[in-house]
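Q: Structure supplied as my_file-v3.tsv; contents: TSV, C-alpha atoms.
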```
chain	number	residue	atom	x	y	z
A	339	LYS	CA	-0.44	37.70	-7.05
A	340	ALA	CA	-0.92	40.93	-9.00
A	341	LYS	CA	-4.55	41.12	-7.85
A	342	ALA	CA	-3.51	40.54	-4.23
A	343	GLU	CA	-0.92	43.30	-4.36
A	344	ALA	CA	-3.30	45.70	-6.11
A	345	PHE	CA	-5.83	45.14	-3.31
A	346	ILE	CA	-3.19	45.74	-0.62
A	347	ASN	CA	-2.11	48.99	-2.28
A	348	LYS	CA	-5.74	50.10	-2.39
A	349	ILE	CA	-6.54	49.28	1.26
A	350	LEU	CA	-3.11	49.96	2.81
A	351	PRO	CA	-1.29	52.51	0.65
A	352	GLY	CA	2.49	52.36	1.07
A	353	LYS	CA	2.50	49.29	3.32
A	354	LEU	CA	3.37	46.76	0.63
A	355	GLU	CA	6.78	48.40	0.15
A	356	GLU	CA	7.52	47.68	3.81
A	357	THR	CA	6.90	43.96	3.45
A	358	GLU	CA	8.34	40.84	1.87
A	359	LEU	CA	6.36	37.96	0.38
A	360	ALA	CA	6.90	35.18	2.90
A	361	TYR	CA	4.39	32.55	1.80
A	362	GLU	CA	2.17	31.65	-1.10
A	363	ASP	CA	0.00	28.59	-1.48
A	364	ASN	CA	-1.92	27.35	-4.49
A	365	SER	CA	-2.19	23.74	-3.36
A	366	TYR	CA	-5.90	23.81	-2.47
A	367	ARG	CA	-7.49	21.92	-5.37
A	368	PRO	CA	-10.82	20.11	-5.71
A	369	MET	CA	-10.46	16.35	-6.20
A	370	GLY	CA	-10.02	15.34	-9.80
A	371	THR	CA	-8.60	18.60	-11.16
A	372	PRO	CA	-5.05	19.98	-11.22
A	373	PHE	CA	-6.26	23.59	-11.05
A	374	PRO	CA	-6.24	25.56	-7.77
A	375	ILE	CA	-9.44	27.20	-6.60
A	376	ARG	CA	-7.83	29.47	-4.02
A	377	TYR	CA	-4.51	31.30	-3.84
A	378	GLN	CA	-3.12	32.44	-0.48
A	379	PHE	CA	-0.44	35.12	-0.02
A	380	ARG	CA	1.27	36.25	3.17
A	381	TYR	CA	3.47	39.37	3.34
A	382	VAL	CA	5.64	39.90	6.41
A	383	ARG	CA	6.68	43.33	7.67
A	384	LEU	CA	10.32	44.44	7.31
A	385	ILE	CA	11.92	46.84	9.78
A	386	ASP	CA	15.37	48.02	8.73
A	387	GLY	CA	15.50	45.04	6.39
A	388	ILE	CA	14.77	42.55	9.20
A	389	LYS	CA	11.59	40.46	9.26
A	390	PHE	CA	9.08	41.23	12.02
A	391	GLU	CA	6.79	38.23	11.72
A	392	GLY	CA	4.33	39.51	14.30
A	393	ASN	CA	3.10	41.95	11.65
A	394	TYR	CA	1.80	40.72	8.31
A	395	ILE	CA	-0.79	41.04	5.54
A	396	ASN	CA	-2.76	37.97	4.38
A	397	VAL	CA	-4.78	37.89	1.16
A	398	GLY	CA	-6.77	35.04	-0.42
A	399	ILE	CA	-7.75	35.16	-4.11
A	400	ASP	CA	-10.48	33.07	-5.76
A	401	GLY	CA	-8.80	30.96	-8.47
A	402	ALA	CA	-11.86	31.03	-10.74
A	403	THR	CA	-12.97	34.67	-10.54
A	404	GLY	CA	-9.83	36.48	-9.39
A	405	GLU	CA	-11.82	38.19	-6.65
A	406	VAL	CA	-10.53	38.71	-3.12
A	407	GLN	CA	-11.88	35.96	-0.85
A	408	SER	CA	-10.15	36.91	2.38
A	409	PHE	CA	-8.06	39.75	3.80
A	410	TYR	CA	-6.44	40.20	7.19
A	411	TYR	CA	-3.55	42.26	8.47
A	412	ARG	CA	-1.80	43.19	11.69
A	413	TRP	CA	0.36	46.30	11.92
A	414	ASP	CA	1.49	47.55	15.35
A	415	ASP	CA	3.16	50.69	16.59
A	416	ILE	CA	6.63	49.36	17.39
A	417	GLY	CA	8.74	50.78	20.19
A	418	ASP	CA	12.47	50.32	20.63
A	419	LEU	CA	13.90	47.23	19.00
A	420	PRO	CA	17.30	45.63	19.69
A	421	LYS	CA	20.03	46.84	17.38
A	422	PRO	CA	21.65	44.31	15.03
A	423	GLU	CA	25.08	44.88	16.58
A	424	GLY	CA	27.52	42.22	17.77
A	425	ILE	CA	25.52	39.44	16.17
A	426	LYS	CA	26.58	36.30	14.33
A	427	THR	CA	26.98	36.65	10.60
A	428	SER	CA	24.73	34.68	8.29
A	429	GLU	CA	27.71	32.46	7.45
A	430	GLU	CA	28.43	31.77	11.14
A	431	ALA	CA	24.77	30.94	11.82
A	432	THR	CA	24.66	28.67	8.78
A	433	ARG	CA	27.72	26.81	10.06
A	434	ILE	CA	26.05	26.28	13.46
A	435	TYR	CA	22.93	24.95	11.78
A	436	ARG	CA	24.95	22.62	9.58
A	437	ASN	CA	26.92	21.19	12.50
A	438	ARG	CA	23.73	20.49	14.48
A	439	MET	CA	21.69	19.25	11.53
A	440	ASN	CA	21.02	15.63	10.75
A	441	MET	CA	19.79	14.41	7.37
A	442	ASP	CA	17.15	11.68	7.50
A	443	LEU	CA	16.94	9.39	4.49
A	444	ILE	CA	13.23	8.73	3.91
A	445	TYR	CA	10.91	6.96	1.51
A	446	LEU	CA	8.63	9.73	0.23
A	447	PRO	CA	5.17	8.65	-1.00
A	448	ILE	CA	4.07	10.42	-4.18
A	449	ARG	CA	0.28	10.65	-4.33
A	450	ASP	CA	-2.00	10.57	-7.34
A	451	GLU	CA	-3.66	13.99	-7.13
A	452	THR	CA	-6.64	12.84	-9.18
A	453	LYS	CA	-7.54	10.10	-6.69
A	454	PRO	CA	-8.30	9.96	-2.94
A	455	TYR	CA	-5.49	11.26	-0.71
A	456	TYR	CA	-4.37	7.84	0.50
A	457	ASN	CA	-3.68	6.52	-3.02
A	458	ILE	CA	0.08	6.34	-3.62
A	459	LYS	CA	1.38	6.50	-7.19
A	460	ASN	CA	5.01	5.70	-6.43
A	461	ILE	CA	7.71	6.16	-3.80
A	462	LYS	CA	10.93	8.17	-4.02
A	463	LEU	CA	14.05	8.33	-1.87
A	464	ALA	CA	14.64	11.75	-0.32
A	465	TYR	CA	16.77	13.46	2.32
A	466	ARG	CA	15.04	15.61	4.94
A	467	PRO	CA	16.85	17.93	7.37
A	468	SER	CA	16.26	17.16	11.04
A	469	LEU	CA	16.88	19.69	13.83
A	470	ASP	CA	15.99	19.74	17.53
A	471	PHE	CA	15.49	23.53	17.46
A	472	SER	CA	14.07	26.18	15.13
A	473	MET	CA	15.98	29.39	15.94
A	474	LEU	CA	19.35	30.65	17.15
A	475	ASP	CA	20.02	33.61	19.40
A	476	ALA	CA	21.69	35.99	16.95
A	477	LYS	CA	24.24	37.12	19.56
A	478	THR	CA	25.13	33.91	21.40
A	479	GLY	CA	24.48	31.40	18.63
A	480	LEU	CA	22.57	29.17	21.09
A	481	PRO	CA	19.22	27.53	20.25
A	482	ILE	CA	16.19	29.41	21.58
A	483	GLY	CA	12.43	28.81	21.62
A	484	TRP	CA	9.57	31.14	20.73
A	485	ASP	CA	9.75	32.57	24.25
A	486	GLY	CA	13.30	33.75	23.54
A	487	LYS	CA	14.79	31.47	26.19
A	488	THR	CA	17.71	29.16	25.57
A	489	ARG	CA	16.52	25.62	24.89
A	490	PRO	CA	18.20	22.80	26.81
A	491	SER	CA	18.84	19.51	25.06
A	492	GLN	CA	15.57	17.63	24.76
A	493	GLU	CA	15.28	14.45	26.80
A	494	SER	CA	14.43	11.22	25.01
A	495	LYS	CA	13.65	7.58	25.68
A	496	GLU	CA	14.34	4.46	23.66
A	497	LEU	CA	13.90	0.75	24.07
A	498	THR	CA	16.94	-1.18	25.29
A	499	PRO	CA	18.33	-3.86	22.93
A	500	ALA	CA	17.59	-6.53	25.56
A	501	ARG	CA	13.91	-5.50	25.83
A	502	LEU	CA	13.67	-5.33	22.03
A	503	GLN	CA	14.87	-8.91	21.68
A	504	GLU	CA	12.59	-10.02	24.50
A	505	ILE	CA	9.56	-8.64	22.65
A	506	LYS	CA	10.72	-10.04	19.31
A	507	LYS	CA	10.83	-13.55	20.80
A	508	GLN	CA	7.11	-13.28	21.56
A	509	ALA	CA	6.26	-12.91	17.88
A	510	LYS	CA	4.41	-15.69	16.11
A	511	PRO	CA	4.02	-16.19	12.35
A	512	ILE	CA	1.10	-14.24	10.90
A	513	ALA	CA	-1.31	-16.58	9.13
A	514	LYS	CA	-3.09	-14.94	6.20
A	515	GLN	CA	-6.36	-16.62	5.27
A	516	ASP	CA	-7.76	-16.98	1.77
A	517	GLN	CA	-11.22	-15.81	2.79
A	518	GLU	CA	-12.27	-12.84	4.91
A	519	ILE	CA	-13.52	-13.72	8.39
A	520	SER	CA	-17.25	-13.50	9.02
A	521	ARG	CA	-18.99	-10.68	10.86
A	522	GLU	CA	-19.70	-13.07	13.73
A	523	ARG	CA	-16.00	-13.95	14.02
A	524	ALA	CA	-15.04	-10.25	13.93
A	525	GLU	CA	-17.52	-9.43	16.70
A	526	LYS	CA	-16.20	-12.31	18.82
A	527	ILE	CA	-12.62	-11.03	18.47
A	528	ALA	CA	-13.80	-7.51	19.24
A	529	ARG	CA	-15.49	-8.60	22.47
A	530	GLU	CA	-12.42	-10.53	23.61
A	531	VAL	CA	-9.90	-7.77	22.84
A	532	VAL	CA	-12.00	-4.89	24.21
A	533	SER	CA	-12.89	-6.79	27.37
A	534	ASP	CA	-9.25	-7.72	27.93
A	535	GLN	CA	-8.09	-4.14	27.36
A	536	PHE	CA	-10.81	-2.17	29.17
A	537	GLY	CA	-12.82	-4.68	31.21
A	538	GLY	CA	-16.57	-4.57	31.67
A	539	LYS	CA	-19.50	-5.95	29.69
A	540	ILE	CA	-19.23	-5.17	25.97
A	541	GLN	CA	-22.13	-4.23	23.74
A	542	ILE	CA	-21.58	-4.30	19.96
A	543	ASP	CA	-23.27	-1.25	18.43
A	544	ALA	CA	-22.37	-1.77	14.78
A	545	ALA	CA	-20.00	-3.75	12.54
A	546	ASN	CA	-19.18	-3.07	8.91
A	547	TYR	CA	-16.72	-4.49	6.39
A	548	ILE	CA	-14.34	-2.05	4.66
A	549	GLU	CA	-11.62	-2.27	2.02
A	550	GLY	CA	-9.85	-0.04	-0.50
A	551	ASP	CA	-7.77	3.13	-0.32
A	552	HIS	CA	-10.43	5.40	1.19
A	553	TYR	CA	-9.61	4.61	4.82
A	554	TRP	CA	-6.52	6.03	6.50
A	555	ASP	CA	-6.35	3.50	9.33
A	556	THR	CA	-6.49	0.38	7.16
A	557	ALA	CA	-3.97	1.53	4.49
A	558	GLY	CA	-5.81	-0.49	1.84
A	559	ARG	CA	-6.21	-3.65	3.95
A	560	LYS	CA	-9.48	-5.56	4.18
A	561	ALA	CA	-10.94	-5.05	7.64
A	562	TRP	CA	-13.92	-5.18	9.95
A	563	ASN	CA	-14.77	-1.96	11.73
A	564	VAL	CA	-16.66	-2.56	14.98
A	565	LEU	CA	-18.23	0.09	17.22
A	566	PHE	CA	-18.81	-0.83	20.86
A	567	THR	CA	-20.01	0.42	24.23
A	568	ILE	CA	-18.76	-0.70	27.63
A	569	GLU	CA	-22.10	-1.00	29.41
A	570	ASP	CA	-20.98	-0.69	33.04
A	571	SER	CA	-18.80	2.38	32.41
A	572	LYS	CA	-19.80	6.02	32.36
A	573	GLY	CA	-20.20	6.83	28.69
A	574	LYS	CA	-17.19	4.85	27.50
A	575	ASN	CA	-17.53	3.73	23.92
A	576	GLY	CA	-15.11	3.16	21.11
A	577	GLN	CA	-14.01	1.48	17.92
A	578	ILE	CA	-11.89	-1.49	16.93
A	579	MET	CA	-10.61	-2.40	13.46
A	580	ILE	CA	-9.65	-6.02	12.75
A	581	ASP	CA	-7.74	-7.27	9.71
A	582	ALA	CA	-10.24	-9.49	7.89
A	583	LEU	CA	-7.54	-11.87	6.61
A	584	THR	CA	-5.04	-12.08	9.49
A	585	GLU	CA	-7.22	-11.13	12.51
A	586	GLU	CA	-4.57	-8.58	13.55
A	587	ILE	CA	-5.69	-5.51	15.49
A	588	ILE	CA	-5.39	-2.49	13.18
A	589	ALA	CA	-6.91	0.11	15.49
A	590	LEU	CA	-8.48	0.33	18.93
A	591	SER	CA	-9.86	3.47	20.55
A	592	ALA	CA	-11.95	4.32	23.59
A	593	TRP	CA	-13.65	7.68	23.99
A	594	ILE	CA	-14.11	8.80	27.56
A	595	ASN	CA	-16.25	11.71	28.70
A	596	GLU	CA	-14.65	13.18	31.79
A	597	PRO	CA	-14.10	16.65	33.24
A	598	TYR	CA	-10.89	18.53	32.62
A	599	ALA	CA	-9.68	21.57	34.51
A	600	PRO	CA	-6.44	23.53	34.79
A	601	ASN	CA	-3.79	22.45	37.30
A	602	MET	CA	-4.88	18.78	37.17
A	603	LYS	CA	-1.48	17.12	37.36
A	604	PRO	CA	-0.84	13.82	35.57
A	605	GLU	CA	-0.49	10.80	37.82
A	606	VAL	CA	1.53	8.96	35.19
A	607	THR	CA	4.92	10.21	34.00
A	608	TRP	CA	5.81	10.52	30.34
A	609	GLU	CA	8.41	7.79	30.79
A	610	GLN	CA	5.81	5.42	32.25
A	611	ALA	CA	3.45	6.24	29.40
A	612	TYR	CA	6.22	5.37	26.90
A	613	ASP	CA	6.62	1.95	28.51
A	614	ASN	CA	2.85	1.42	28.35
A	615	ALA	CA	2.80	2.35	24.66
A	616	ILE	CA	5.60	-0.12	23.92
A	617	ALA	CA	3.72	-2.80	25.90
A	618	LEU	CA	0.72	-2.37	23.59
A	619	ILE	CA	2.85	-2.85	20.46
A	620	ALA	CA	4.43	-5.89	22.11
A	621	LYS	CA	0.97	-7.25	22.87
A	622	TYR	CA	-0.64	-6.81	19.47
A	623	HIS	CA	2.25	-6.67	16.95
A	624	PRO	CA	5.50	-8.05	18.46
A	625	ASP	CA	6.68	-9.05	14.97
A	626	LYS	CA	6.97	-5.38	13.94
A	627	ILE	CA	8.77	-3.98	17.01
A	628	ASP	CA	12.21	-4.14	15.35
A	629	GLN	CA	10.91	-2.35	12.24
A	630	LEU	CA	10.10	0.90	14.07
A	631	LYS	CA	11.95	4.04	15.06
A	632	LEU	CA	11.43	3.70	18.81
A	633	LYS	CA	13.27	6.79	20.06
A	634	GLN	CA	10.83	9.44	21.33
A	635	LEU	CA	11.54	13.02	22.41
A	636	LYS	CA	10.03	14.10	25.70
A	637	PRO	CA	7.63	17.07	25.36
A	638	GLU	CA	8.50	20.30	27.11
A	639	GLU	CA	6.82	20.93	30.45
A	640	PRO	CA	3.73	23.17	30.23
A	641	VAL	CA	4.12	26.70	31.54
A	642	PRO	CA	1.56	28.86	33.40
A	643	ASP	CA	-0.71	31.06	31.33
A	644	ALA	CA	-1.42	34.73	32.06
A	645	SER	CA	-3.72	33.71	34.93
A	646	GLY	CA	-1.14	31.42	36.49
A	647	ASN	CA	-2.98	28.26	35.46
A	648	ILE	CA	-1.13	25.26	34.03
A	649	TYR	CA	-2.90	23.05	31.52
A	650	TYR	CA	-1.31	19.65	31.84
A	651	PRO	CA	-1.86	17.08	29.07
A	652	MET	CA	-4.82	14.73	29.40
A	653	GLU	CA	-2.96	12.13	27.39
A	654	TYR	CA	0.52	11.40	26.07
A	655	TYR	CA	0.94	10.89	22.32
A	656	PHE	CA	3.52	8.62	20.74
A	657	ASN	CA	4.23	8.04	17.07
A	658	PHE	CA	6.56	5.26	15.96
A	659	PRO	CA	7.31	5.46	12.20
A	660	ARG	CA	8.33	2.42	10.18
A	661	LEU	CA	11.94	1.72	9.27
A	662	ILE	CA	12.70	-0.28	6.14
A	663	ASP	CA	16.37	-1.30	6.11
A	664	GLY	CA	17.11	1.76	8.24
A	665	ILE	CA	15.17	4.18	6.00
A	666	LEU	CA	12.11	6.00	7.36
A	667	TYR	CA	8.74	5.32	5.78
A	668	GLU	CA	6.38	7.48	7.82
A	669	GLU	CA	3.32	6.54	5.78
A	670	ASN	CA	3.42	3.38	7.90
A	671	GLN	CA	3.46	3.90	11.65
A	672	PHE	CA	2.12	3.01	15.06
A	673	SER	CA	0.33	5.81	16.89
A	674	VAL	CA	-0.55	5.38	20.54
A	675	SER	CA	-2.04	7.68	23.16
A	676	ILE	CA	-1.95	6.94	26.89
A	677	HIS	CA	-4.21	8.43	29.57
A	678	ALA	CA	-2.11	10.80	31.70
A	679	ARG	CA	-3.91	9.92	34.94
A	680	THR	CA	-4.62	6.20	34.61
A	681	GLY	CA	-1.84	5.06	32.29
A	682	GLY	CA	-4.46	3.19	30.25
A	683	MET	CA	-4.69	3.11	26.48
A	684	LEU	CA	-6.97	5.62	24.74
A	685	HIS	CA	-5.93	5.12	21.13
A	686	PHE	CA	-3.89	2.52	19.27
A	687	ASN	CA	-3.36	2.34	15.52
A	688	CYS	CA	-1.12	0.23	13.30
A	689	ARG	CA	-0.99	1.58	9.75
A	690	TRP	CA	1.00	-0.94	7.70
A	691	SER	CA	1.28	-1.73	4.00
A	692	GLU	CA	2.66	-4.76	2.20
A	693	ASP	CA	4.20	-5.06	-1.28
A	694	LEU	CA	5.41	-1.46	-1.42
A	695	PRO	CA	6.89	-0.22	-4.76
A	696	LEU	CA	10.21	0.79	-3.19
A	697	PRO	CA	12.92	2.32	-5.41
A	698	PRO	CA	16.47	0.88	-5.40
A	699	LYS	CA	18.83	2.39	-2.82
A	700	THR	CA	21.70	2.73	-5.27
A	701	GLN	CA	23.05	6.07	-6.49
A	702	THR	CA	21.90	8.13	-3.52
A	703	ILE	CA	23.98	11.16	-2.65
A	704	SER	CA	25.70	11.24	0.76
A	705	LYS	CA	24.34	13.05	3.81
A	706	GLU	CA	27.11	15.64	3.52
A	707	GLN	CA	26.20	16.27	-0.12
A	708	ALA	CA	22.57	16.66	0.93
A	709	LYS	CA	23.65	19.23	3.54
A	710	ASP	CA	25.48	21.15	0.82
A	711	VAL	CA	22.25	21.39	-1.18
A	712	ILE	CA	20.24	22.49	1.86
```
What is this file in structure tokens?

A:
Amino acid sequence: KAKAEAFINKILPGKLEETELAYEDNSYRPMGTPFPIRYQFRYVRLIDGIKFEGNYINVGIDGATGEVQSFYYRWDDIGDLPKPEGIKTSEEATRIYRNRMNMDLIYLPIRDETKPYYNIKNIKLAYRPSLDFSMLDAKTGLPIGWDGKTRPSQESKELTPARLQEIKKQAKPIAKQDQEISRERAEKIAREVVSDQFGGKIQIDAANYIEGDHYWDTAGRKAWNVLFTIEDSKGKNGQIMIDALTEEIIALSAWINEPYAPNMKPEVTWEQAYDNAIALIAKYHPDKIDQLKLKQLKPEEPVPDASGNIYYPMEYYFNFPRLIDGILYEENQFSVSIHARTGGMLHFNCRWSEDLPLPPKTQTISKEQAKDVI
């Protein structure tokens, strides 16, 4: 930090006194060592004691040599700014935040920093604040976005209890075999699933067996990873991962090369895409549907850019984290993406672990106590 500030004083004399340290990061470490190899510092400009985050100074320091690795700053000539008159006090704003804040109880995975990222050492219970906005208008106390406009309540969609039970009834017991399935069996399953999902004649390009904690998608499960091409399509190829002991579908993706241009409106609504995503979970993993947080927030509508063009999404993304006795465990999740013009599946992934080292739920503080700490 001292070296970063000395460099700023040398390059920008007097500017450091007009800033406040807003961010520092020493978490970038090479695998197998606890020592950082790069330090990052970010100083934000203060005007009359108020942060102006559009102006800042960034400095990166080499952790081994102490030399400056990177330097960048932005410092504008500022015109008239609104006066801090008639605004909410910090206490009033804090009260608004508290009243609108929810506290999510989560299982937090603690990773072994000396091993690959996916290796979990243990799991802790933690509270995490949850808000549907990031800023308040200092005068009105209403939530606003980065464009300064008041944010309406975000729309959402969730599965009905009746539909949930309907899907759950489809579930069949999962049979876990003693021996991994053969490559031939994995390729046969791949052909059947891919053909059913996408149609067309399937060509298997490669198949390999994987296991261990080095693969994000499998979460330590034994699996077959199969690459394929749909021969009668225009450049459509993809990947499917199959559990080698249960034959469950872990992941399925199709990569499509197609043109994209501004103002190409989706032909499928977000609500329809949600239903399609749920249908995929119901198809491949109906036994897990009641162990997921199914409520999804609808994304904001895209706005025109400076040229008047609107870039609509090519696909809709959904992420359904796991719930264990009502507690979030986001390390396990279903992620699904749906084509915005066809409604078809582009990506499906079920990341799921068994025999988790969960801590006891006793002696947790209440949500109100957690809010007091925050």

Q: Find the residues around Gln707 of chain A up to 12 Å (all atoms listed in the file counted), leave out those fewer than 5 positions away in its own chain, and share them as an mmCIF file with C-alpha atoms, in the coordinates of the input.

A:
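Result file is part37.cif:
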```
data_model
loop_
_atom_site.group_PDB
_atom_site.id
_atom_site.type_symbol
_atom_site.label_atom_id
_atom_site.label_comp_id
_atom_site.auth_asym_id
_atom_site.auth_seq_id
_atom_site.Cartn_x
_atom_site.Cartn_y
_atom_site.Cartn_z
ATOM 1 C CA ARG A 436 24.950 22.620 9.580
ATOM 2 C CA MET A 441 19.790 14.410 7.370
ATOM 3 C CA TYR A 465 16.770 13.460 2.320
ATOM 4 C CA THR A 702 21.900 8.130 -3.520
ATOM 5 C CA ILE A 712 20.240 22.490 1.860
#
```

Q: Suppose you want the space between atom CA of Asn347 of chain A and atom CA of Tyr381 of chain A; what is it in Å?

A: 12.5 Å

Q: From the list A:Asn614, A:Asn396, A:Asn657, A:Gln701, which residue is nearest Asn687 of chain A when using all atoms listed in the file?

A: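 Smallest distance to Asn687 of chain A is found for A:Asn657.
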
Q: Considering only C-alpha atoms, give me a table of residues in segment 589-707 of chain A that are at most 8 Å from segment 505-527 of chain A, with the closest atom pair and distance in Å for each, as CSV.

A:
```
residue,atom,partner,partner_atom,distance
A:Ala620,CA,A:Ile505,CA,5.8
A:His623,CA,A:Ala509,CA,7.5
A:Pro624,CA,A:Ala509,CA,5.0
A:Asp625,CA,A:Ala509,CA,4.9
A:Ile627,CA,A:Lys506,CA,6.8
A:Asp628,CA,A:Lys506,CA,7.3
```

Q: Set the distance at 6 Å and use all atoms listed in the file: which residues neighbour segment 633-648 of chain A once local chain neighbours fewer than 6 positions away are removed? I'd like the list as a list in words.

A: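 The residues satisfying every condition are Glu493, Ser494, Lys495, Glu496, Pro600 and Asn601 of chain A.
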